[in-house]
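Structure file query00.cif (mmCIF, N, CA and C atoms) is printed below.
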data_structure
#
loop_
_atom_site.label_atom_id
_atom_site.label_comp_id
_atom_site.auth_asym_id
_atom_site.auth_seq_id
_atom_site.Cartn_x
_atom_site.Cartn_y
_atom_site.Cartn_z
N THR Z 296 219.04 50.93 175.94
CA THR Z 296 219.93 51.26 174.85
C THR Z 296 219.32 50.75 173.54
N PRO Z 297 219.70 51.32 172.42
CA PRO Z 297 219.15 50.85 171.14
C PRO Z 297 219.38 49.35 170.88
N PRO Z 298 220.57 48.79 171.14
CA PRO Z 298 220.71 47.34 170.90
C PRO Z 298 219.77 46.51 171.76
N GLN Z 299 219.55 46.93 172.99
CA GLN Z 299 218.63 46.18 173.85
C GLN Z 299 217.20 46.29 173.35
N ARG Z 300 216.84 47.45 172.83
CA ARG Z 300 215.49 47.60 172.25
C ARG Z 300 215.31 46.65 171.08
N TRP Z 301 216.33 46.54 170.25
CA TRP Z 301 216.24 45.63 169.11
C TRP Z 301 216.16 44.18 169.56
N GLN Z 302 216.90 43.84 170.61
CA GLN Z 302 216.82 42.47 171.14
C GLN Z 302 215.42 42.19 171.67
N ALA Z 303 214.85 43.15 172.38
CA ALA Z 303 213.49 42.97 172.90
C ALA Z 303 212.50 42.83 171.76
N MET Z 304 212.65 43.63 170.72
CA MET Z 304 211.75 43.54 169.57
C MET Z 304 211.92 42.20 168.86
N GLU Z 305 213.14 41.70 168.82
CA GLU Z 305 213.38 40.40 168.21
C GLU Z 305 212.62 39.30 168.97
N TRP Z 306 212.70 39.34 170.30
CA TRP Z 306 211.98 38.36 171.11
C TRP Z 306 210.47 38.51 170.93
N LEU Z 307 209.97 39.75 170.91
CA LEU Z 307 208.53 39.96 170.73
C LEU Z 307 208.07 39.41 169.38
N GLY Z 308 208.83 39.66 168.35
CA GLY Z 308 208.49 39.12 167.04
C GLY Z 308 208.53 37.61 167.01
N TRP Z 309 209.53 37.04 167.65
CA TRP Z 309 209.65 35.58 167.68
C TRP Z 309 208.44 34.96 168.39
N VAL Z 310 208.06 35.53 169.53
CA VAL Z 310 206.91 34.99 170.26
C VAL Z 310 205.63 35.16 169.43
N ALA Z 311 205.46 36.32 168.80
CA ALA Z 311 204.26 36.56 168.00
C ALA Z 311 204.17 35.58 166.84
N TRP Z 312 205.29 35.18 166.29
CA TRP Z 312 205.31 34.25 165.17
C TRP Z 312 205.18 32.81 165.65
N THR Z 313 205.78 32.49 166.78
CA THR Z 313 205.86 31.11 167.27
C THR Z 313 204.60 30.67 168.00
N LEU Z 314 204.06 31.53 168.82
CA LEU Z 314 202.93 31.15 169.67
C LEU Z 314 201.75 30.59 168.88
N PRO Z 315 201.25 31.30 167.87
CA PRO Z 315 200.10 30.74 167.15
C PRO Z 315 200.41 29.44 166.41
N GLY Z 316 201.54 29.39 165.74
CA GLY Z 316 201.87 28.21 164.95
C GLY Z 316 202.15 26.98 165.78
N ALA Z 317 202.74 27.16 166.93
CA ALA Z 317 203.11 26.01 167.76
C ALA Z 317 201.99 25.59 168.70
N PHE Z 318 201.25 26.55 169.22
CA PHE Z 318 200.31 26.22 170.28
C PHE Z 318 198.85 26.12 169.84
N THR Z 319 198.41 26.93 168.88
CA THR Z 319 197.00 26.90 168.50
C THR Z 319 196.55 25.51 168.04
N PRO Z 320 197.31 24.82 167.18
CA PRO Z 320 196.86 23.48 166.79
C PRO Z 320 196.80 22.49 167.95
N ALA Z 321 197.58 22.71 168.98
CA ALA Z 321 197.54 21.82 170.14
C ALA Z 321 196.26 22.02 170.94
N PHE Z 322 195.78 23.26 171.01
CA PHE Z 322 194.57 23.56 171.75
C PHE Z 322 193.31 23.29 170.93
N MET Z 323 193.38 23.51 169.61
CA MET Z 323 192.20 23.38 168.75
C MET Z 323 192.54 22.59 167.48
N PRO Z 324 192.87 21.33 167.60
CA PRO Z 324 193.27 20.57 166.41
C PRO Z 324 192.15 20.44 165.38
N ALA Z 325 190.90 20.54 165.80
CA ALA Z 325 189.78 20.41 164.86
C ALA Z 325 189.77 21.52 163.81
N ARG Z 326 190.38 22.64 164.12
CA ARG Z 326 190.44 23.74 163.15
C ARG Z 326 191.42 23.45 162.02
N PHE Z 327 192.24 22.44 162.19
CA PHE Z 327 193.32 22.19 161.23
C PHE Z 327 193.20 20.87 160.49
N GLY Z 328 192.12 20.15 160.74
CA GLY Z 328 191.93 18.90 160.02
C GLY Z 328 190.69 18.17 160.48
N PRO Z 329 190.32 17.10 159.79
CA PRO Z 329 189.14 16.33 160.16
C PRO Z 329 189.36 15.56 161.46
N PRO Z 330 188.28 15.15 162.10
CA PRO Z 330 188.41 14.45 163.39
C PRO Z 330 189.41 13.29 163.42
N PRO Z 331 189.50 12.45 162.37
CA PRO Z 331 190.48 11.36 162.45
C PRO Z 331 191.93 11.85 162.55
N ALA Z 332 192.20 13.05 162.09
CA ALA Z 332 193.57 13.57 162.07
C ALA Z 332 193.92 14.38 163.33
N GLU Z 333 192.95 14.63 164.19
CA GLU Z 333 193.18 15.53 165.33
C GLU Z 333 194.31 15.08 166.24
N SER Z 334 194.42 13.80 166.52
CA SER Z 334 195.48 13.36 167.43
C SER Z 334 196.86 13.59 166.82
N GLY Z 335 196.99 13.36 165.52
CA GLY Z 335 198.26 13.62 164.85
C GLY Z 335 198.60 15.10 164.79
N ILE Z 336 197.58 15.92 164.56
CA ILE Z 336 197.78 17.37 164.52
C ILE Z 336 198.24 17.86 165.88
N ARG Z 337 197.58 17.39 166.92
CA ARG Z 337 197.95 17.79 168.28
C ARG Z 337 199.37 17.32 168.62
N ALA Z 338 199.70 16.10 168.26
CA ALA Z 338 201.05 15.57 168.55
C ALA Z 338 202.12 16.40 167.84
N ALA Z 339 201.89 16.75 166.58
CA ALA Z 339 202.86 17.57 165.85
C ALA Z 339 202.98 18.96 166.46
N ALA Z 340 201.85 19.51 166.91
CA ALA Z 340 201.87 20.83 167.55
C ALA Z 340 202.64 20.78 168.87
N LEU Z 341 202.46 19.71 169.62
CA LEU Z 341 203.19 19.58 170.88
C LEU Z 341 204.69 19.50 170.63
N GLU Z 342 205.10 18.84 169.57
CA GLU Z 342 206.52 18.78 169.22
C GLU Z 342 207.05 20.18 168.88
N ARG Z 343 206.27 20.93 168.11
CA ARG Z 343 206.68 22.30 167.77
C ARG Z 343 206.74 23.18 169.02
N ALA Z 344 205.77 23.00 169.91
CA ALA Z 344 205.75 23.78 171.14
C ALA Z 344 206.98 23.46 171.99
N GLN Z 345 207.33 22.19 172.09
CA GLN Z 345 208.52 21.82 172.86
C GLN Z 345 209.78 22.37 172.22
N ALA Z 346 209.85 22.34 170.91
CA ALA Z 346 211.01 22.90 170.21
C ALA Z 346 211.11 24.40 170.46
N ALA Z 347 209.98 25.09 170.50
CA ALA Z 347 209.99 26.53 170.78
C ALA Z 347 210.49 26.80 172.20
N LEU Z 348 210.02 26.02 173.15
CA LEU Z 348 210.47 26.18 174.54
C LEU Z 348 211.96 25.89 174.66
N ASP Z 349 212.42 24.84 174.01
CA ASP Z 349 213.84 24.50 174.04
C ASP Z 349 214.69 25.63 173.45
N PHE Z 350 214.22 26.19 172.33
CA PHE Z 350 214.94 27.30 171.70
C PHE Z 350 215.05 28.47 172.67
N ALA Z 351 213.92 28.85 173.27
CA ALA Z 351 213.93 29.99 174.19
C ALA Z 351 214.86 29.72 175.38
N ASN Z 352 214.80 28.51 175.91
CA ASN Z 352 215.64 28.18 177.06
C ASN Z 352 217.13 28.24 176.72
N THR Z 353 217.49 27.87 175.51
CA THR Z 353 218.91 27.91 175.15
C THR Z 353 219.38 29.33 174.83
N ARG Z 354 218.48 30.19 174.42
CA ARG Z 354 218.85 31.55 174.02
C ARG Z 354 218.77 32.57 175.16
N LEU Z 355 218.00 32.28 176.19
CA LEU Z 355 217.86 33.26 177.27
C LEU Z 355 219.14 33.32 178.09
N PRO Z 356 219.52 34.53 178.52
CA PRO Z 356 220.71 34.66 179.36
C PRO Z 356 220.54 33.94 180.70
N ALA Z 357 221.62 33.70 181.37
CA ALA Z 357 221.61 32.97 182.64
C ALA Z 357 220.80 33.68 183.72
N ASP Z 358 220.70 35.02 183.64
CA ASP Z 358 219.95 35.74 184.67
C ASP Z 358 218.44 35.58 184.50
N GLY Z 359 218.00 34.98 183.38
CA GLY Z 359 216.59 34.70 183.19
C GLY Z 359 215.80 35.79 182.49
N TRP Z 360 216.35 36.98 182.36
CA TRP Z 360 215.66 38.08 181.67
C TRP Z 360 216.07 38.07 180.21
N ALA Z 361 215.13 38.39 179.35
CA ALA Z 361 215.39 38.34 177.91
C ALA Z 361 216.44 39.35 177.48
N VAL Z 362 216.39 40.55 178.06
CA VAL Z 362 217.27 41.63 177.61
C VAL Z 362 217.70 42.49 178.79
N GLY Z 363 218.97 42.75 178.91
CA GLY Z 363 219.48 43.75 179.83
C GLY Z 363 219.42 43.45 181.30
N GLY Z 364 219.12 42.23 181.71
CA GLY Z 364 219.14 41.89 183.12
C GLY Z 364 217.98 42.45 183.93
N ALA Z 365 216.92 42.88 183.26
CA ALA Z 365 215.74 43.42 183.94
C ALA Z 365 214.50 43.06 183.13
N PRO Z 366 213.33 43.05 183.77
CA PRO Z 366 212.12 42.69 183.03
C PRO Z 366 211.77 43.70 181.94
N THR Z 367 211.30 43.17 180.81
CA THR Z 367 210.87 43.98 179.67
C THR Z 367 209.58 43.37 179.12
N ALA Z 368 209.03 44.01 178.11
CA ALA Z 368 207.84 43.46 177.45
C ALA Z 368 208.14 42.08 176.86
N ALA Z 369 209.38 41.88 176.44
CA ALA Z 369 209.76 40.57 175.89
C ALA Z 369 209.61 39.48 176.94
N ASP Z 370 209.93 39.79 178.19
CA ASP Z 370 209.78 38.79 179.25
C ASP Z 370 208.31 38.44 179.48
N CYS Z 371 207.43 39.43 179.37
CA CYS Z 371 205.99 39.17 179.50
C CYS Z 371 205.53 38.24 178.39
N ALA Z 372 205.99 38.49 177.18
CA ALA Z 372 205.62 37.64 176.05
C ALA Z 372 206.15 36.23 176.23
N LEU Z 373 207.38 36.11 176.69
CA LEU Z 373 207.96 34.78 176.92
C LEU Z 373 207.25 34.07 178.06
N ALA Z 374 206.77 34.81 179.04
CA ALA Z 374 206.01 34.19 180.13
C ALA Z 374 204.73 33.56 179.60
N MET Z 375 204.10 34.20 178.61
CA MET Z 375 202.90 33.60 178.00
C MET Z 375 203.23 32.25 177.39
N LEU Z 376 204.38 32.16 176.78
CA LEU Z 376 204.82 30.90 176.18
C LEU Z 376 204.86 29.81 177.26
N ALA Z 377 205.42 30.14 178.40
CA ALA Z 377 205.51 29.19 179.50
C ALA Z 377 204.14 28.83 180.06
N VAL Z 378 203.26 29.82 180.15
CA VAL Z 378 201.91 29.56 180.65
C VAL Z 378 201.16 28.61 179.73
N PHE Z 379 201.21 28.88 178.42
CA PHE Z 379 200.53 27.99 177.48
C PHE Z 379 201.13 26.60 177.53
N ALA Z 380 202.42 26.50 177.69
CA ALA Z 380 203.06 25.19 177.78
C ALA Z 380 202.54 24.44 179.01
N GLY Z 381 202.31 25.17 180.10
CA GLY Z 381 201.78 24.55 181.30
C GLY Z 381 200.39 23.96 181.09
N PHE Z 382 199.57 24.61 180.27
CA PHE Z 382 198.24 24.09 179.98
C PHE Z 382 198.31 22.79 179.19
N LEU Z 383 199.36 22.63 178.43
CA LEU Z 383 199.48 21.47 177.57
C LEU Z 383 200.06 20.26 178.30
N GLY Z 384 200.55 20.50 179.49
CA GLY Z 384 201.08 19.37 180.27
C GLY Z 384 202.49 19.23 180.13
#

Take the structure in the file and write it out as structure tokens.
Amino acid sequence: TPPQRWQAMEWLGWVAWTLPGAFTPAFMPARFGPPPAESGIRAAALERAQAALDFANTRLPADGWAVGGAPTAADCALAMLAVFAGFLG
């Protein structure tokens, strides 16, 4: 349905905006500052990543699917979020 498509697009946009900002500095802190600052950059990125995961967990319906009770492209994008979080520990 059109409302479900918009919800899926909202999730896709959120993941596209959140994933790079929250996770990239955690994986590659050297790209965002000099070596002495890397641990602080990584720590701040991990906090943002956890906040993103918490947000997604509170917004997802109880059935676990992002939209309409069935898998969509939004669920694939959200799964990437979980996979990257797993790499970070």

Handout entry: Point-to-point distance in Å for atom N of Val378 in chain Z and CA of Arg300 in chain Z
Key = 23.0 Å

Handout entry: Residues within 9 Å of range 321-329 of chain Z, only C-alpha atoms, excluding chain neighbours under 3 positions, as an MDAnalysis selection string
Key = chainID Z and resid 317:318 332:341 344 383

Problem - Exercise: range 366-372 of chain Z partners within 7 Å, only N, CA and C atoms, chain neighbours under 4 positions left out, as JSON, numbers by chain - result: {"Z": [303, 304, 306, 307, 310, 360, 361, 362, 376, 377]}

Problem - Per-residue DSSP, range 301-382 of chain Z, filtered to helix (DSSP H, G or I), as a PyMOL selection string - result: chain Z and resi 301-322+324-327+330-354+368-382

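Here atom C of Arg343 in chain Z is placed at a distance of 9.1 Å from atom N of Thr319 in chain Z.
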
Exercise for the section: Take CA of Pro315 in chain Z and atom N of Phe350 in chain Z and report the distance between them in Å, one decimal. Expected result: 15.7 Å

Please rebuild range 298-309 of chain Z with all heavy atoms and give the result as a PDB file, in the frame of the given file.
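Final output, saved to out-v7.pdb:
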ATOM      1  N   PRO Z 298     220.570  48.790 171.140  1.00  0.00           N
ATOM      2  CA  PRO Z 298     220.710  47.340 170.900  1.00  0.00           C
ATOM      3  C   PRO Z 298     219.770  46.510 171.760  1.00  0.00           C
ATOM      4  O   PRO Z 298     219.244  45.491 171.301  1.00  0.00           O
ATOM      5  CB  PRO Z 298     222.177  47.058 171.242  1.00  0.00           C
ATOM      6  CG  PRO Z 298     222.876  48.360 171.075  1.00  0.00           C
ATOM      7  CD  PRO Z 298     221.856  49.406 171.476  1.00  0.00           C
ATOM      8  N   GLN Z 299     219.550  46.930 172.990  1.00  0.00           N
ATOM      9  CA  GLN Z 299     218.630  46.180 173.850  1.00  0.00           C
ATOM     10  C   GLN Z 299     217.200  46.290 173.350  1.00  0.00           C
ATOM     11  O   GLN Z 299     216.435  45.326 173.433  1.00  0.00           O
ATOM     12  CB  GLN Z 299     218.741  46.673 175.297  1.00  0.00           C
ATOM     13  CG  GLN Z 299     220.041  46.276 175.950  1.00  0.00           C
ATOM     14  CD  GLN Z 299     220.200  46.861 177.331  1.00  0.00           C
ATOM     15  OE1 GLN Z 299     219.636  47.904 177.660  1.00  0.00           O
ATOM     16  NE2 GLN Z 299     220.978  46.182 178.158  1.00  0.00           N
ATOM     17  N   ARG Z 300     216.840  47.450 172.830  1.00  0.00           N
ATOM     18  CA  ARG Z 300     215.490  47.600 172.250  1.00  0.00           C
ATOM     19  C   ARG Z 300     215.310  46.650 171.080  1.00  0.00           C
ATOM     20  O   ARG Z 300     214.256  46.016 170.929  1.00  0.00           O
ATOM     21  CB  ARG Z 300     215.249  49.035 171.807  1.00  0.00           C
ATOM     22  CG  ARG Z 300     214.961  49.957 172.941  1.00  0.00           C
ATOM     23  CD  ARG Z 300     214.494  51.321 172.436  1.00  0.00           C
ATOM     24  NE  ARG Z 300     214.781  52.281 173.475  1.00  0.00           N
ATOM     25  CZ  ARG Z 300     215.616  53.300 173.354  1.00  0.00           C
ATOM     26  NH1 ARG Z 300     216.237  53.533 172.230  1.00  0.00           N
ATOM     27  NH2 ARG Z 300     215.823  54.107 174.364  1.00  0.00           N
ATOM     28  N   TRP Z 301     216.330  46.540 170.250  1.00  0.00           N
ATOM     29  CA  TRP Z 301     216.240  45.630 169.110  1.00  0.00           C
ATOM     30  C   TRP Z 301     216.160  44.180 169.560  1.00  0.00           C
ATOM     31  O   TRP Z 301     215.441  43.377 168.976  1.00  0.00           O
ATOM     32  CB  TRP Z 301     217.414  45.837 168.152  1.00  0.00           C
ATOM     33  CG  TRP Z 301     217.218  47.053 167.312  1.00  0.00           C
ATOM     34  CD1 TRP Z 301     217.891  48.230 167.401  1.00  0.00           C
ATOM     35  CD2 TRP Z 301     216.248  47.240 166.284  1.00  0.00           C
ATOM     36  NE1 TRP Z 301     217.418  49.141 166.491  1.00  0.00           N
ATOM     37  CE2 TRP Z 301     216.396  48.552 165.786  1.00  0.00           C
ATOM     38  CE3 TRP Z 301     215.263  46.430 165.735  1.00  0.00           C
ATOM     39  CZ2 TRP Z 301     215.597  49.061 164.770  1.00  0.00           C
ATOM     40  CZ3 TRP Z 301     214.469  46.943 164.718  1.00  0.00           C
ATOM     41  CH2 TRP Z 301     214.644  48.237 164.249  1.00  0.00           C
ATOM     42  N   GLN Z 302     216.900  43.840 170.610  1.00  0.00           N
ATOM     43  CA  GLN Z 302     216.820  42.470 171.140  1.00  0.00           C
ATOM     44  C   GLN Z 302     215.420  42.190 171.670  1.00  0.00           C
ATOM     45  O   GLN Z 302     214.862  41.116 171.447  1.00  0.00           O
ATOM     46  CB  GLN Z 302     217.842  42.261 172.250  1.00  0.00           C
ATOM     47  CG  GLN Z 302     219.250  42.116 171.756  1.00  0.00           C
ATOM     48  CD  GLN Z 302     220.209  41.965 172.934  1.00  0.00           C
ATOM     49  OE1 GLN Z 302     220.059  42.614 173.965  1.00  0.00           O
ATOM     50  NE2 GLN Z 302     221.192  41.111 172.756  1.00  0.00           N
ATOM     51  N   ALA Z 303     214.850  43.150 172.380  1.00  0.00           N
ATOM     52  CA  ALA Z 303     213.490  42.970 172.900  1.00  0.00           C
ATOM     53  C   ALA Z 303     212.500  42.830 171.760  1.00  0.00           C
ATOM     54  O   ALA Z 303     211.605  41.970 171.795  1.00  0.00           O
ATOM     55  CB  ALA Z 303     213.113  44.149 173.799  1.00  0.00           C
ATOM     56  N   MET Z 304     212.650  43.630 170.720  1.00  0.00           N
ATOM     57  CA  MET Z 304     211.750  43.540 169.570  1.00  0.00           C
ATOM     58  C   MET Z 304     211.920  42.200 168.860  1.00  0.00           C
ATOM     59  O   MET Z 304     210.944  41.621 168.362  1.00  0.00           O
ATOM     60  CB  MET Z 304     211.987  44.702 168.611  1.00  0.00           C
ATOM     61  CG  MET Z 304     211.725  46.012 169.278  1.00  0.00           C
ATOM     62  SD  MET Z 304     210.677  47.216 168.514  1.00  0.00           S
ATOM     63  CE  MET Z 304     210.155  46.672 167.004  1.00  0.00           C
ATOM     64  N   GLU Z 305     213.140  41.700 168.820  1.00  0.00           N
ATOM     65  CA  GLU Z 305     213.380  40.400 168.210  1.00  0.00           C
ATOM     66  C   GLU Z 305     212.620  39.300 168.970  1.00  0.00           C
ATOM     67  O   GLU Z 305     211.974  38.448 168.368  1.00  0.00           O
ATOM     68  CB  GLU Z 305     214.878  40.100 168.189  1.00  0.00           C
ATOM     69  CG  GLU Z 305     215.230  38.781 167.562  1.00  0.00           C
ATOM     70  CD  GLU Z 305     216.726  38.510 167.579  1.00  0.00           C
ATOM     71  OE1 GLU Z 305     217.419  38.988 168.501  1.00  0.00           O
ATOM     72  OE2 GLU Z 305     217.194  37.821 166.669  1.00  0.00           O
ATOM     73  N   TRP Z 306     212.700  39.340 170.300  1.00  0.00           N
ATOM     74  CA  TRP Z 306     211.980  38.360 171.110  1.00  0.00           C
ATOM     75  C   TRP Z 306     210.470  38.510 170.930  1.00  0.00           C
ATOM     76  O   TRP Z 306     209.751  37.513 170.808  1.00  0.00           O
ATOM     77  CB  TRP Z 306     212.330  38.496 172.591  1.00  0.00           C
ATOM     78  CG  TRP Z 306     213.550  37.746 172.988  1.00  0.00           C
ATOM     79  CD1 TRP Z 306     214.729  38.268 173.432  1.00  0.00           C
ATOM     80  CD2 TRP Z 306     213.734  36.330 173.003  1.00  0.00           C
ATOM     81  NE1 TRP Z 306     215.617  37.266 173.709  1.00  0.00           N
ATOM     82  CE2 TRP Z 306     215.040  36.071 173.454  1.00  0.00           C
ATOM     83  CE3 TRP Z 306     212.926  35.249 172.663  1.00  0.00           C
ATOM     84  CZ2 TRP Z 306     215.537  34.772 173.580  1.00  0.00           C
ATOM     85  CZ3 TRP Z 306     213.422  33.967 172.788  1.00  0.00           C
ATOM     86  CH2 TRP Z 306     214.718  33.736 173.240  1.00  0.00           C
ATOM     87  N   LEU Z 307     209.970  39.750 170.910  1.00  0.00           N
ATOM     88  CA  LEU Z 307     208.530  39.960 170.730  1.00  0.00           C
ATOM     89  C   LEU Z 307     208.070  39.410 169.380  1.00  0.00           C
ATOM     90  O   LEU Z 307     207.021  38.759 169.294  1.00  0.00           O
ATOM     91  CB  LEU Z 307     208.193  41.449 170.854  1.00  0.00           C
ATOM     92  CG  LEU Z 307     208.287  42.021 172.267  1.00  0.00           C
ATOM     93  CD1 LEU Z 307     208.200  43.542 172.220  1.00  0.00           C
ATOM     94  CD2 LEU Z 307     207.204  41.438 173.151  1.00  0.00           C
ATOM     95  N   GLY Z 308     208.830  39.660 168.350  1.00  0.00           N
ATOM     96  CA  GLY Z 308     208.490  39.120 167.040  1.00  0.00           C
ATOM     97  C   GLY Z 308     208.530  37.610 167.010  1.00  0.00           C
ATOM     98  O   GLY Z 308     207.651  36.957 166.430  1.00  0.00           O
ATOM     99  N   TRP Z 309     209.530  37.040 167.650  1.00  0.00           N
ATOM    100  CA  TRP Z 309     209.650  35.580 167.680  1.00  0.00           C
ATOM    101  C   TRP Z 309     208.440  34.960 168.390  1.00  0.00           C
ATOM    102  O   TRP Z 309     207.859  33.989 167.900  1.00  0.00           O
ATOM    103  CB  TRP Z 309     210.958  35.172 168.365  1.00  0.00           C
ATOM    104  CG  TRP Z 309     211.143  33.693 168.412  1.00  0.00           C
ATOM    105  CD1 TRP Z 309     211.604  32.892 167.416  1.00  0.00           C
ATOM    106  CD2 TRP Z 309     210.848  32.838 169.510  1.00  0.00           C
ATOM    107  NE1 TRP Z 309     211.612  31.581 167.830  1.00  0.00           N
ATOM    108  CE2 TRP Z 309     211.152  31.515 169.108  1.00  0.00           C
ATOM    109  CE3 TRP Z 309     210.352  33.043 170.793  1.00  0.00           C
ATOM    110  CZ2 TRP Z 309     210.974  30.426 169.942  1.00  0.00           C
ATOM    111  CZ3 TRP Z 309     210.178  31.957 171.625  1.00  0.00           C
ATOM    112  CH2 TRP Z 309     210.494  30.665 171.200  1.00  0.00           C
TER     113      TRP Z 309
END
